[in-house]
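Trainee: Structure provided below as structure tokens; questions to follow.
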Amino acid sequence: MIRNEDILATVRMFREEHLDVRTVTLGINIADCVSQDPTEFCDMVKLKIQRVAGPLVPVCDQISDRYGIPIVNKRIAVSPIGSIAGHMDSKGLYALGRSLDEVAKLVRVDLLGGFTALVHKGATPGEERLLECLPEVLSKTERVCASVNVATSKAGINMNALLKLGRIIKLTAEKSADKDGFACAKLCVFANMPEDNPFMAGAYLGFGESDAVIHVGVSGPGVVKRAVERLRARTPDPDLQELANTIKQTAFRVSRVGELVGREVAGGVGAAFGGIDLSLAPTPKMGDSVGEILQAMGIAKIGAPGSTAAIAMLNDAVKKGGLFASSSVGGMSGAFIPVAEDRALAEAAANGWLSIEKLEAMTSVCSVGLDMVCIPGDTDSDTISALMADEMAIGVINNKTTATRLIPVPGKKAGEWVHWGGLFGSSPVMEIRATGSSSAFVRCGGRIPAPVHSFKN
Amino acid sequence: MKKKRTHYAITVLCEDRVGLVARFTGAITRLGGNIEDLEQSVRLGYFTITLMATFEQGHDAKLVKAELEKTGKTETLAVSVLPRQNDPGPPPVQGEPFVLIVSGRDAPGIFTAVTSCLAERTINVENLICRTGNGLFTITGDLTVPEEVDIKALRSNIMEILAVREVNVTLMHGDIFAATNQISMPAAHTGGKQ
């Protein structure tokens with residue numbers, strides 16, 4: 001029998017600490033829709049997504065009502081378009097982007113990922129065309145998300161792709177200048193991109209997955225923060241192992257909610273249950289912030305010395321608690337630090353405590369990278385490429401996933417604010433030091449070789 | 001001729017003192033009874049024990065009650081000994097486990113309003129705990145909710161009933177609490193062979 005105190009603790013997580021299921025993402029294999037005729041391809045894709053994902057939102061709503069658990073976002077991830085639509089010209093790719101957007105709206109999901117190119121070792125002509133289409137597709141569609149894997153620990157870093165992406169990101173921002181470059185928020189550039197990530201903008205369905213599969217992302221920064229605060233109220237100077245244990249136990253409870261919901265939804269829509277992503281995903285809401293957890297742990301100004309150690313400990317404890325809770329863990333499974341989506345991080349950046357360099361250091365020990373970072377609109381494309389290369393290097397050398405979601409905000413300079421609202425939040429434009437100094441390096445192109453420790457066979 | 005064995009549902013309520021559990025269970029044992037189920041608690045200084053016992057010797061209820069009253073040695077003692085069937089039979093209602101939590105500023109009538117709403121829908125209350133303090137109360141109830149009950153509508157209905165009072169209402173599936181508080185997942189959600 002469950003103790004009354006435990007029941008009340010669980011209720012508190014939902015009522016007061018913002019625990020919810022952040023996303024239920026249905027992966028759909030659309031490789032079987034491929035046709036030489038672009039129109040037929042688009043129609044087949046729409047039909048399959050409608051058929052497979054049609055029940056997703058009603059089932060999620062039903063389960064949310066039944067269990068009393070909020071499911072905030074319902075999303076779709078499809079097979080990587082760059083890998084299955086190599087025969088399509090630019091016109092066909094634009095049409096496919098529009099079709100994906102239309103069908104996403106039809107089945108009432110908020111985002112659809114998979115406009116993806118896996119170019120870590122090299123790009124096919126089809127993938128090259130897809131990259132060039134990104135500014136148009138991302139600025140003209142509402143729900144389509146894109147991602148590009150430019151590096152792996154096994155292949156190294158494709159600098160040709162990164163060089164190109166610097167220019168593409170600038171162009172994407174300019175094409176959505178009326179929304180402060182918002183289209184760039186739907187584009188993730190990865191190293192070691194996971195195939196089972198439920199979070200956007202980087203979700204796509206990997207080739208080793210089932211035809212239809214559910215991946216779940218839970219959100220528990222508020223719960224972890226309150227658990228840390230309660231511990232500190234009881235013991236003002238807790239041993240850090242005690243602090244780690246508290247986080248671990250909380251992560252266990254949070255992850256269990258995701259496991260339960262994921263299995264129920266998978267059963268309801270007739271899909272496989274792929275697993276849960278343990279990531280602590282913040283929102284701009286007060287009390288739902290990874291930055292606030294760091295503050296509760298004792299880092300008064302995020303970005304100050306100690307921030308990297310604190311987030312390393314947080315990230316590790318979340319993984320340990322979550323791994324034990326779930327039968328299958330995947331995705332990125334760490335603590336996210338997306339600046340615009342986390343009020344405390346955005347404030348730290350505005351106050352000058354959190355720099356891009358410190359963020360980069362923190363991402364070497366947590367998820368997922370320079371995420372939702374606004375940079376001055378006049379930043380040159382080579383500097384953007386170099387910034388991404390730094391982040392990719394961290395992933396490649398440390399054998400972990402890293403990513404960037406950089407938004408060069410047109411017309412805005414360091415210190416000015418961008419307000420998107422909703423889950424995308426607000427952020428100051430962050431300063432990049434010594435811009436324009438890396439061209440001679442990034443323009444060499446080619447590939448940064450894989451690190452020696454990746455050769456394990 | 002050997003008497004037929006007897007089965008009783010027994011409750012005892014009295015002011016709390018040290019050693020009461022030993023005394024009352026000792027009385028049952030002295031009469032040759034076997035205790036099959038027991039729950040005991042102390043609430044606001046009052047001791048309550050509920051137990052199910054079987055007497056092979058076929059003692060009647062009066063004798064069992066008298067023995068317990070003698071053991072209690074207090075004027076405030078209230079003993080009830082009810083004959084029961086050995087086979088508990090099917091549960092009064094089939095359904096899913098839910099947990100109801102109502103909390104807020106204490107006021108007369110909240111308990112009745114909530115439980116009446118549940119009874120109207122044939123929802124069985126399996127366990128109910130109410131705690132008060134500093135003018136606030138928390139009710140936690142384990143419910144069995146028939147499948148045909150619309151949970152969303154029930155939730156809204158309870159909230160409507162209590163809308164004029166300063167209370168929070170939470171109604172969640174019992175598996176959530178099992179999943180977040182126990183090492184193993186509830187069997188219905190393991191995905192393995194069952």
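Labeling convention for the structure tokens: chains A, B, ... as they appear, residues from 1 per chain, ligands from 1 in order of appearance.
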Using only C-alpha atoms, I'd like every residue of chain B that has an atom within 12 Å of chain A; please write them out as number ranges by chain.
Mentor: B: 96-103, 126-131, 138-142, 145, 147-156, 168-192
Trainee: Using DSSP on the backbone, list every residue of stretch 18-51 of chain A that comes out as strand (DSSP E or B), and give them as number ranges by chain.
Mentor: A: 20-28
Trainee: I want to know what sits within 12 Å of B:Ala22, based on only C-alpha atoms, with residues of the same chain fewer than 3 positions away left out; could you give that as a list in words?
Mentor: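 Selected residues are Arg17, Val18, Gly19, Thr25, Gly26, Ala27, Ile28, Thr29, Arg30, Gln40, Ile49, Leu68, Thr71 and Gly72 of chain B.
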Trainee: Mind pulling up the distance from atom CA of B:Asp87 to atom CA of B:Gly58?
Mentor: 16.7 Å
Trainee: Would you pick out the contacts of B:Ala113 at 12 Å or less, using only C-alpha atoms, so that residues sharing its chain but fewer than 2 positions from it are not included, and give the list as a ChimeraX atom specification?
Mentor: /B:102,107-111,115-120,157-163,165
Trainee: Do a neighbour search on B:Tyr8 at 9 Å with only C-alpha atoms, toss out local chain neighbours closer than 3 positions, and write the hits as a PDB file with N, CA and C atoms, in the first residue's frame.
Mentor:
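That gives us out-v7.pdb:
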ATOM      1  N   LEU B  51     -10.345  -5.915  13.039  1.00  0.00           N
ATOM      2  CA  LEU B  51      -9.725  -7.198  12.706  1.00  0.00           C
ATOM      3  C   LEU B  51     -10.776  -8.232  12.308  1.00  0.00           C
ATOM      4  N   MET B  52     -10.345  -9.168  11.492  1.00  0.00           N
ATOM      5  CA  MET B  52     -11.189 -10.277  11.063  1.00  0.00           C
ATOM      6  C   MET B  52     -10.654 -11.532  11.750  1.00  0.00           C
ATOM      7  N   ALA B  53     -11.526 -12.228  12.469  1.00  0.00           N
ATOM      8  CA  ALA B  53     -11.053 -13.410  13.207  1.00  0.00           C
ATOM      9  C   ALA B  53     -12.009 -14.583  13.018  1.00  0.00           C
ATOM     10  N   THR B  54     -11.442 -15.772  13.127  1.00  0.00           N
ATOM     11  CA  THR B  54     -12.227 -17.011  13.027  1.00  0.00           C
ATOM     12  C   THR B  54     -12.028 -17.829  14.305  1.00  0.00           C
ATOM     13  N   PHE B  55     -13.134 -18.334  14.841  1.00  0.00           N
ATOM     14  CA  PHE B  55     -13.070 -19.130  16.075  1.00  0.00           C
ATOM     15  C   PHE B  55     -13.509 -20.556  15.763  1.00  0.00           C
ATOM     16  N   ALA B  61     -20.984 -14.260  19.315  1.00  0.00           N
ATOM     17  CA  ALA B  61     -20.526 -12.867  19.293  1.00  0.00           C
ATOM     18  C   ALA B  61     -20.531 -12.246  20.685  1.00  0.00           C
ATOM     19  N   VAL B  81     -18.833  -6.563  17.448  1.00  0.00           N
ATOM     20  CA  VAL B  81     -18.471  -7.885  16.919  1.00  0.00           C
ATOM     21  C   VAL B  81     -19.583  -8.311  15.954  1.00  0.00           C
ATOM     22  N   LEU B  82     -19.273  -8.282  14.650  1.00  0.00           N
ATOM     23  CA  LEU B  82     -20.289  -8.585  13.633  1.00  0.00           C
ATOM     24  C   LEU B  82     -20.007  -9.928  12.975  1.00  0.00           C
ATOM     25  N   PRO B  83     -20.994 -10.813  12.925  1.00  0.00           N
ATOM     26  CA  PRO B  83     -20.784 -12.068  12.200  1.00  0.00           C
ATOM     27  C   PRO B  83     -20.542 -11.776  10.720  1.00  0.00           C
ATOM     28  N   ARG B  84     -19.659 -12.535  10.082  1.00  0.00           N
ATOM     29  CA  ARG B  84     -19.377 -12.319   8.664  1.00  0.00           C
ATOM     30  C   ARG B  84     -19.256 -13.660   7.952  1.00  0.00           C
ATOM     31  N   GLN B  85     -19.391 -13.613   6.640  1.00  0.00           N
ATOM     32  CA  GLN B  85     -19.207 -14.819   5.836  1.00  0.00           C
ATOM     33  C   GLN B  85     -17.711 -15.102   5.717  1.00  0.00           C
ATOM     34  N   ASN B  86     -17.356 -16.351   5.690  1.00  0.00           N
ATOM     35  CA  ASN B  86     -15.939 -16.688   5.534  1.00  0.00           C
ATOM     36  C   ASN B  86     -15.440 -16.265   4.157  1.00  0.00           C
TER      37      ASN B  86
END
